[in-house]
file work_18.csv (CSV, C-alpha atoms)
chain,number,residue,atom,x,y,z
S,8,MET,CA,3.7,91.9,83.4
S,9,GLN,CA,5.3,91.0,80.1
S,10,TYR,CA,8.4,92.9,78.9
S,11,ARG,CA,9.3,93.6,75.3
S,12,GLU,CA,12.4,95.0,73.6
S,13,LEU,CA,12.2,98.7,72.6
S,14,GLY,CA,13.9,99.1,69.2
S,15,ARG,CA,17.6,98.8,69.4
S,16,THR,CA,18.0,100.5,72.8
S,17,GLY,CA,18.6,97.4,74.8
S,18,TRP,CA,15.7,98.3,77.0
S,19,LYS,CA,12.9,95.8,77.9
S,20,VAL,CA,9.8,97.8,78.7
S,21,SER,CA,6.4,96.8,80.2
S,22,ALA,CA,4.0,95.6,77.5
S,23,VAL,CA,1.3,97.8,79.0
S,24,SER,CA,3.0,101.1,80.0
S,25,PHE,CA,1.7,104.4,81.2
S,26,GLY,CA,0.5,107.2,79.0
S,27,ALA,CA,0.7,110.5,80.9
S,28,TRP,CA,-1.4,112.8,78.8
S,29,ALA,CA,-4.4,112.6,81.1
S,30,ILE,CA,-2.6,113.5,84.3
S,31,GLY,CA,-1.3,116.7,82.6
S,32,GLY,CA,-4.7,118.0,81.4
S,33,THR,CA,-7.4,118.2,78.6
S,34,TRP,CA,-9.0,115.1,79.9
S,35,GLY,CA,-11.3,116.7,82.5
S,36,PRO,CA,-10.5,117.3,86.2
S,37,VAL,CA,-7.4,115.8,87.6
S,38,GLU,CA,-5.7,116.0,91.0
S,39,ASP,CA,-2.0,115.7,91.4
S,40,GLY,CA,-2.1,113.6,94.6
S,41,GLU,CA,-4.4,111.1,92.9
S,42,SER,CA,-2.2,111.1,89.8
S,43,LEU,CA,0.9,110.3,91.8
S,44,ALA,CA,-1.0,107.5,93.5
S,45,ALA,CA,-1.8,106.1,90.1
S,46,LEU,CA,1.8,106.4,89.0
S,47,HIS,CA,3.1,104.6,92.1
S,48,ARG,CA,0.5,101.8,91.7
S,49,ALA,CA,1.6,101.4,88.1
S,50,VAL,CA,5.2,100.8,89.3
S,51,GLU,CA,4.0,98.3,91.8
S,52,LEU,CA,2.2,96.4,89.0
S,53,GLY,CA,5.5,96.2,87.0
S,54,VAL,CA,5.3,99.2,84.8
S,55,ASN,CA,8.7,100.6,84.0
S,56,PHE,CA,8.0,102.9,81.0
S,57,PHE,CA,6.1,106.2,81.1
S,58,ASP,CA,5.3,108.4,78.1
S,59,THR,CA,4.6,112.1,78.4
S,60,ALA,CA,5.1,115.4,76.4
S,61,ASP,CA,6.2,118.9,77.2
S,62,VAL,CA,2.8,120.3,76.4
S,63,TYR,CA,0.8,118.0,78.6
S,64,GLY,CA,-0.4,120.5,81.2
S,65,ASP,CA,2.4,122.8,80.1
S,66,GLY,CA,4.9,120.6,81.8
S,67,ARG,CA,2.7,119.4,84.6
S,68,SER,CA,2.9,115.8,83.5
S,69,GLU,CA,6.7,115.9,83.1
S,70,ARG,CA,7.0,117.3,86.6
S,71,LEU,CA,4.8,114.6,88.2
S,72,LEU,CA,7.0,112.0,86.5
S,73,ALA,CA,10.1,113.7,87.9
S,74,GLN,CA,8.6,113.2,91.4
S,75,LEU,CA,8.0,109.5,90.7
S,76,ARG,CA,11.5,109.0,89.5
S,77,ARG,CA,12.9,110.4,92.7
S,78,GLN,CA,11.7,107.2,94.4
S,79,HIS,CA,12.0,104.9,91.4
S,80,PRO,CA,15.2,105.9,89.5
S,81,GLU,CA,15.0,102.8,87.4
S,82,ILE,CA,12.0,103.9,85.4
S,83,ILE,CA,12.3,105.0,81.7
S,84,ILE,CA,10.6,108.2,80.7
S,85,ALA,CA,9.8,109.2,77.1
S,86,THR,CA,8.8,112.7,76.3
S,87,LYS,CA,8.0,114.7,73.1
S,88,ALA,CA,8.9,118.0,71.6
S,89,GLY,CA,7.4,120.3,68.9
S,90,ARG,CA,3.9,121.1,69.8
S,91,ARG,CA,5.0,124.2,71.8
S,92,LEU,CA,5.4,125.9,68.4
S,93,ASP,CA,2.8,128.5,67.6
S,94,PRO,CA,2.1,128.4,64.8
S,95,HIS,CA,3.0,124.7,64.5
S,96,THR,CA,4.9,124.7,61.2
S,97,ALA,CA,7.7,122.7,59.7
S,98,THR,CA,10.0,125.7,59.7
S,99,GLY,CA,9.7,125.9,63.5
S,100,TYR,CA,11.5,122.6,63.7
S,101,ASN,CA,14.9,124.2,63.8
S,102,ARG,CA,18.0,123.9,66.0
S,103,ALA,CA,17.2,126.8,68.3
S,104,ASN,CA,13.6,125.8,69.0
S,105,LEU,CA,14.3,122.1,69.5
S,106,THR,CA,17.3,122.8,71.8
S,107,ARG,CA,15.1,125.2,73.8
S,108,PHE,CA,12.4,122.6,74.2
S,109,VAL,CA,14.9,119.9,75.2
S,110,GLU,CA,16.4,122.2,77.9
S,111,ARG,CA,12.9,122.8,79.3
S,112,SER,CA,12.1,119.1,79.5
S,113,LEU,CA,15.5,118.4,81.1
S,114,LYS,CA,14.5,120.9,83.8
S,115,ASN,CA,11.0,119.5,84.2
S,116,LEU,CA,12.2,115.9,84.4
S,117,GLU,CA,15.1,116.8,86.7
S,118,THR,CA,17.6,115.0,84.6
S,119,ASP,CA,20.8,115.6,82.6
S,120,ALA,CA,19.7,113.4,79.6
S,121,LEU,CA,16.2,112.5,78.2
S,122,ASP,CA,15.8,108.8,77.9
S,123,LEU,CA,13.7,108.9,74.7
S,124,LEU,CA,12.7,112.1,72.9
S,125,GLN,CA,10.0,112.0,70.2
S,126,PHE,CA,9.0,114.4,67.5
S,127,HIS,CA,5.4,115.3,68.6
S,128,CYS,CA,3.3,114.7,65.5
S,129,PRO,CA,5.0,117.3,63.3
S,130,PRO,CA,3.7,118.5,60.0
S,131,THR,CA,4.2,115.9,57.3
S,132,GLN,CA,6.9,118.0,55.6
S,133,VAL,CA,9.2,117.5,58.6
S,134,TYR,CA,9.7,113.8,57.7
S,135,TYR,CA,11.2,115.0,54.4
S,136,MET,CA,13.7,117.3,56.2
S,137,PRO,CA,16.8,115.1,57.0
S,138,GLU,CA,18.5,118.2,58.6
S,139,VAL,CA,15.8,118.1,61.4
S,140,PHE,CA,16.7,114.5,62.2
S,141,GLY,CA,20.3,115.6,62.2
S,142,ILE,CA,19.6,118.0,65.0
S,143,PHE,CA,18.4,115.1,67.2
S,144,ASP,CA,21.6,113.2,66.2
S,145,ASP,CA,23.6,116.1,67.4
S,146,LEU,CA,21.6,116.2,70.7
S,147,VAL,CA,22.4,112.5,71.2
S,148,LYS,CA,26.1,113.2,70.6
S,149,ALA,CA,25.9,116.2,73.1
S,150,GLY,CA,24.5,113.8,75.8
S,151,LYS,CA,21.2,115.7,76.0
S,152,ILE,CA,19.1,112.7,74.8
S,153,ARG,CA,19.9,109.0,74.8
S,154,TYR,CA,17.6,107.9,72.0
S,155,TYR,CA,14.9,109.4,69.8
S,156,GLY,CA,11.8,108.4,67.9
S,157,VAL,CA,8.7,109.9,66.4
S,158,SER,CA,5.0,110.3,67.2
S,159,VAL,CA,2.9,110.3,64.1
S,160,GLU,CA,-0.6,110.8,62.9
S,161,LYS,CA,-0.3,108.7,59.7
S,162,VAL,CA,1.1,105.4,58.6
S,163,GLU,CA,2.8,107.1,55.7
S,164,GLU,CA,4.7,109.4,58.1
S,165,ALA,CA,5.9,106.4,60.1
S,166,LEU,CA,7.1,104.7,57.0
S,167,LYS,CA,9.1,107.7,56.0
S,168,ALA,CA,10.5,108.3,59.5
S,169,ILE,CA,11.9,104.8,59.9
S,170,GLU,CA,14.1,105.4,56.9
S,171,TYR,CA,16.3,107.5,59.2
S,172,PRO,CA,18.8,105.1,60.8
S,173,ASN,CA,18.7,106.4,64.3
S,174,VAL,CA,14.9,106.4,64.8
S,175,GLN,CA,14.3,103.9,67.6
S,176,SER,CA,10.5,104.1,68.0
S,177,VAL,CA,7.3,105.0,66.3
S,178,GLN,CA,4.3,106.1,68.4
S,179,ILE,CA,1.0,105.7,66.6
S,180,ILE,CA,-2.7,105.2,67.2
S,181,PHE,CA,-3.6,101.5,66.9
S,182,ASN,CA,-6.6,99.9,68.5
S,183,MET,CA,-9.8,98.0,67.8
S,184,PHE,CA,-11.0,101.1,65.9
S,185,ARG,CA,-7.7,101.7,64.0
S,186,HIS,CA,-6.3,98.6,62.2
S,187,ARG,CA,-4.3,100.1,59.4
S,188,PRO,CA,-0.8,100.1,61.0
S,189,ALA,CA,-0.9,96.3,61.1
S,190,GLU,CA,-1.1,96.0,57.3
S,191,LEU,CA,2.3,97.3,56.2
S,192,LEU,CA,4.0,99.3,58.9
S,193,PHE,CA,4.4,96.5,61.4
S,194,GLU,CA,6.2,94.4,58.9
S,195,GLN,CA,8.6,97.2,58.1
S,196,VAL,CA,9.4,98.1,61.7
S,197,LYS,CA,10.2,94.5,62.5
S,198,LYS,CA,12.7,94.4,59.7
S,199,ARG,CA,14.4,97.5,61.0
S,200,LYS,CA,14.1,96.7,64.7
S,201,VAL,CA,12.1,99.8,65.5
S,202,GLY,CA,9.7,99.8,68.5
S,203,ILE,CA,6.0,100.5,68.3
S,204,LEU,CA,4.4,102.5,71.1
S,205,VAL,CA,0.6,102.3,70.8
S,206,ARG,CA,-1.1,105.5,71.9
S,207,VAL,CA,-4.9,106.1,72.3
S,208,PRO,CA,-5.2,102.3,72.8
S,209,LEU,CA,-8.7,102.7,74.2
S,210,ALA,CA,-10.0,105.2,71.6
S,211,SER,CA,-10.1,108.1,74.1
S,212,GLY,CA,-11.9,105.9,76.6
S,213,MET,CA,-14.7,104.7,74.3
S,214,LEU,CA,-13.3,101.1,74.3
S,215,THR,CA,-13.6,100.9,78.0
S,216,GLY,CA,-17.2,100.0,77.3
S,217,MET,CA,-18.3,102.0,80.4
S,218,TRP,CA,-20.2,104.8,78.7
S,219,LYS,CA,-23.8,105.4,77.8
S,220,PRO,CA,-24.7,107.0,74.5
S,221,ASP,CA,-25.7,110.3,76.2
S,222,LYS,CA,-22.4,110.7,78.1
S,223,THR,CA,-21.1,114.3,78.4
S,224,PHE,CA,-17.6,115.6,79.0
S,225,ALA,CA,-16.2,118.6,80.8
S,226,PRO,CA,-15.6,121.7,78.7
S,227,ASP,CA,-11.8,121.4,79.1
S,228,ASP,CA,-11.9,117.8,77.9
S,229,HIS,CA,-10.8,117.3,74.3
S,230,ARG,CA,-13.6,114.7,73.9
S,231,ALA,CA,-15.9,117.7,74.2
S,232,PHE,CA,-14.1,120.3,72.1
S,233,ASN,CA,-12.1,118.4,69.5
S,234,ARG,CA,-14.5,115.9,68.0
S,235,HIS,CA,-14.2,117.5,64.5
S,236,GLY,CA,-10.5,118.5,64.8
S,237,GLU,CA,-11.2,122.0,66.2
S,238,ALA,CA,-8.0,122.1,68.3
S,239,PHE,CA,-5.8,119.3,66.8
S,240,ASP,CA,-6.0,116.3,64.5
S,241,ARG,CA,-9.5,114.8,64.9
S,242,GLY,CA,-8.0,111.3,64.8
S,243,GLU,CA,-6.7,112.0,68.4
S,244,THR,CA,-10.3,112.0,69.7
S,245,PHE,CA,-12.2,108.7,69.6
S,246,SER,CA,-9.6,107.6,67.0
S,247,GLY,CA,-11.6,109.7,64.5
S,248,VAL,CA,-14.7,107.6,64.8
S,249,ASP,CA,-18.1,109.2,65.0
S,250,TYR,CA,-19.3,108.9,68.6
S,251,ASP,CA,-22.7,107.3,67.9
S,252,ILE,CA,-21.3,104.8,65.4
S,253,GLY,CA,-18.5,103.9,67.8
S,254,MET,CA,-21.1,103.2,70.5
S,255,GLN,CA,-22.9,100.8,68.2
S,256,ALA,CA,-19.6,99.0,67.5
S,257,ILE,CA,-18.9,98.8,71.3
S,258,GLY,CA,-22.2,97.0,71.8
S,259,GLU,CA,-21.0,94.2,69.5
S,260,LEU,CA,-17.5,94.1,70.9
S,261,LYS,CA,-19.0,93.6,74.4
S,262,ALA,CA,-20.9,90.6,73.1
S,263,ILE,CA,-17.6,88.8,72.1
S,264,CYS,CA,-15.6,90.0,75.1
S,265,PRO,CA,-14.1,86.8,76.8
S,266,THR,CA,-15.8,85.8,80.1
S,267,GLY,CA,-14.2,87.3,83.2
S,268,VAL,CA,-12.3,89.9,81.2
S,269,SER,CA,-13.2,93.7,81.2
S,270,MET,CA,-13.6,95.6,77.9
S,271,VAL,CA,-10.5,97.6,78.9
S,272,GLN,CA,-8.4,94.4,79.3
S,273,PHE,CA,-9.9,92.9,76.1
S,274,ALA,CA,-9.0,96.0,74.1
S,275,LEU,CA,-5.4,96.1,75.4
S,276,ARG,CA,-4.9,92.3,75.0
S,277,TRP,CA,-6.0,92.6,71.4
S,278,ILE,CA,-3.2,95.2,70.8
S,279,LEU,CA,-0.6,92.9,72.4
S,280,MET,CA,-1.6,90.1,70.0
S,281,PHE,CA,0.6,91.9,67.4
S,282,ASP,CA,4.3,91.0,68.0
S,283,ALA,CA,5.5,94.2,66.3
S,284,VAL,CA,4.0,96.2,69.2
S,285,THR,CA,6.4,97.1,72.0
S,286,CYS,CA,3.8,98.4,74.4
S,287,ALA,CA,0.4,100.0,74.7
S,288,ILE,CA,0.3,103.2,76.7
S,289,PRO,CA,-3.2,103.8,78.2
S,290,GLY,CA,-3.6,106.6,80.7
S,291,ALA,CA,-4.7,106.4,84.3
S,292,LYS,CA,-5.8,109.2,86.5
S,293,ARG,CA,-6.4,107.1,89.6
S,294,PRO,CA,-5.0,103.8,91.1
S,295,SER,CA,-8.2,101.9,90.3
S,296,GLN,CA,-7.7,102.6,86.6
S,297,ALA,CA,-4.1,101.5,86.8
S,298,GLU,CA,-5.1,98.2,88.3
S,299,ILE,CA,-7.4,97.5,85.4
S,300,ASN,CA,-5.0,98.6,82.7
S,301,PHE,CA,-1.8,97.0,83.8
S,302,THR,CA,-3.1,93.5,84.4
S,303,ALA,CA,-4.1,93.1,80.8
S,304,ALA,CA,-0.7,91.8,79.7
S,305,ASP,CA,-1.1,88.8,82.0
S,306,LEU,CA,-4.3,87.5,80.2
S,307,ALA,CA,-4.3,84.5,78.0
S,308,PRO,CA,-3.9,85.1,74.2
S,309,LEU,CA,-7.2,85.8,72.3
S,310,SER,CA,-8.4,83.0,70.1
S,311,GLY,CA,-8.2,83.2,66.3
S,312,GLU,CA,-12.0,83.3,66.2
S,313,THR,CA,-12.2,86.3,68.5
S,314,MET,CA,-9.6,88.1,66.5
S,315,ALA,CA,-11.6,87.5,63.3
S,316,GLN,CA,-14.8,88.7,65.0
S,317,VAL,CA,-13.1,92.0,66.0
S,318,ARG,CA,-12.0,92.5,62.4
S,319,ALA,CA,-15.5,91.8,61.2
S,320,ILE,CA,-16.9,94.5,63.5
S,321,TYR,CA,-14.3,96.9,62.4
S,322,ASP,CA,-15.1,96.2,58.7
S,323,ARG,CA,-18.8,96.7,59.4
S,324,TYR,CA,-18.8,99.9,61.4
S,325,ILE,CA,-15.4,101.6,61.4
S,326,ARG,CA,-13.3,100.9,58.3
S,327,GLU,CA,-15.1,103.4,56.0
S,328,GLN,CA,-14.7,106.2,58.6
S,329,VAL,CA,-11.0,105.9,59.4
S,330,HIS,CA,-9.0,103.4,57.4
S,331,HIS,CA,-7.8,105.5,54.6
S,332,TYR,CA,-7.4,108.8,56.5
S,333,TRP,CA,-4.6,107.8,58.9

call {"tool": "encode", "arguments": {"input": "work_18.csv", "output": "structure tokens"}}
result
Amino acid sequence: MQYRELGRTGWKVSAVSFGAWAIGGTWGPVEDGESLAALHRAVELGVNFFDTADVYGDGRSERLLAQLRRQHPEIIIATKAGRRLDPHTATGYNRANLTRFVERSLKNLETDALDLLQFHCPPTQVYYMPEVFGIFDDLVKAGKIRYYGVSVEKVEEALKAIEYPNVQSVQIIFNMFRHRPAELLFEQVKKRKVGILVRVPLASGMLTGMWKPDKTFAPDDHRAFNRHGEAFDRGETFSGVDYDIGMQAIGELKAICPTGVSMVQFALRWILMFDAVTCAIPGAKRPSQAEINFTAADLAPLSGETMAQVRAIYDRYIREQVHHYW
């Protein structure tokens, strides 16, 4: 496992870390015993950073990570706040609500201070409300959180967020189907020493290369009910790419996948070719998935030719669908 510095925290975190959305819910059936086995296997493979949110399974994901940390107190857990708001509006990001969310996460995670707390994809207006970031500054001073960052939908939101001096990390979708963050954002975060946490690194599983065109999903799986943004931003599902077009692109990516490397590992290794990236956070619901995911950091760098071929496939199939939306 490789380790990279996270912002200005002084932490060195695993380059492929654990995204804990799937073990909370909305990714089809999940069983807590198997989820815990996947979490423990991840630690065995060198993972020391785990990303969750208070709404993943209504706290289920946070509570599972609390169980893991009882045996592995050295791990770092990042969580998020904001999406419990209903309606999810900028005015809801006030001191009373954010403090209440923090207290709930502290209880779920069985800790006195959250390692890293992130705004959970708030409305764009929130990034233009310095008083909201001031609330997080006060929570740091009060010892409730150690550091904070943001999880964003759009590059523009990330660029605004990093103007605030105490933002340590930006979580954003970046993968073979979403290239835009590399164009300007990565340069700026390197200048400001802000970490990049890459979520949805496998485009909701599409980049695993394991699916057939007629694959179906459980009714409670967002890949069934959010393809057009019915429940939340459509960019969260398949990175905003039309399923059929995505499958065509996958066919071409498979053809250039290095020998002896799975598509999962190929997709994750591609992300790690960008030095602005702190870590990618794929999910894993079972130990076998963890073993595939968390060995990707040990693979040899991809060639310049392969990187150019990935870009050409993106330009041919994907760019028009997603590039200027997020």

call {"tool": "closest_residue", "arguments": {"input": "work_18.csv", "among": "S:Gly17, S:Pro137, S:Gly64, S:Pro289", "to": "Val37 (chain S)", "atoms": "only C-alpha atoms"}}
result
S:Gly64

call {"tool": "residues_near_point", "arguments": {"input": "work_18.csv", "point": "(6.6, 101.3, 90.4)", "cutoff": "10 Å", "atoms": "all atoms listed in the file", "output": "PyMOL selection string"}}
result
chain S and resi 45-56+75-76+78-82

call {"tool": "atom_distance", "arguments": {"input": "work_18.csv", "atom1": "CA of Leu124 (chain S)", "atom2": "CA of Thr86 (chain S)"}}
result
5.2 Å

call {"tool": "residues_around", "arguments": {"input": "work_18.csv", "residues": "region 99-114 of chain S", "least_positions_apart": "3", "cutoff": "8 Å", "atoms": "all atoms listed in the file", "output": "list in words"}}
result
Asp61, Gly66, Glu69, Thr86, Ala88, Gly89, Arg91, Leu92, His95, Thr96, Glu117, Thr118, Asp119, Ala120, Leu121, Val133, Val139, Ile142, Leu146 and Lys151 of chain S

call {"tool": "residues_around", "arguments": {"input": "work_18.csv", "residues": "Ala319 (chain S)", "least_positions_apart": "6", "cutoff": "12 Å", "atoms": "only C-alpha atoms", "output": "VMD selection string"}}
result
chain S and resid 183 to 184 186 256 259 to 260 263 312 to 313 325 to 326

call {"tool": "closest_residue", "arguments": {"input": "work_18.csv", "among": "S:Phe25, S:Phe57, S:Phe140, S:Phe281", "to": "Ala189 (chain S)", "atoms": "all atoms listed in the file"}}
result
S:Phe281
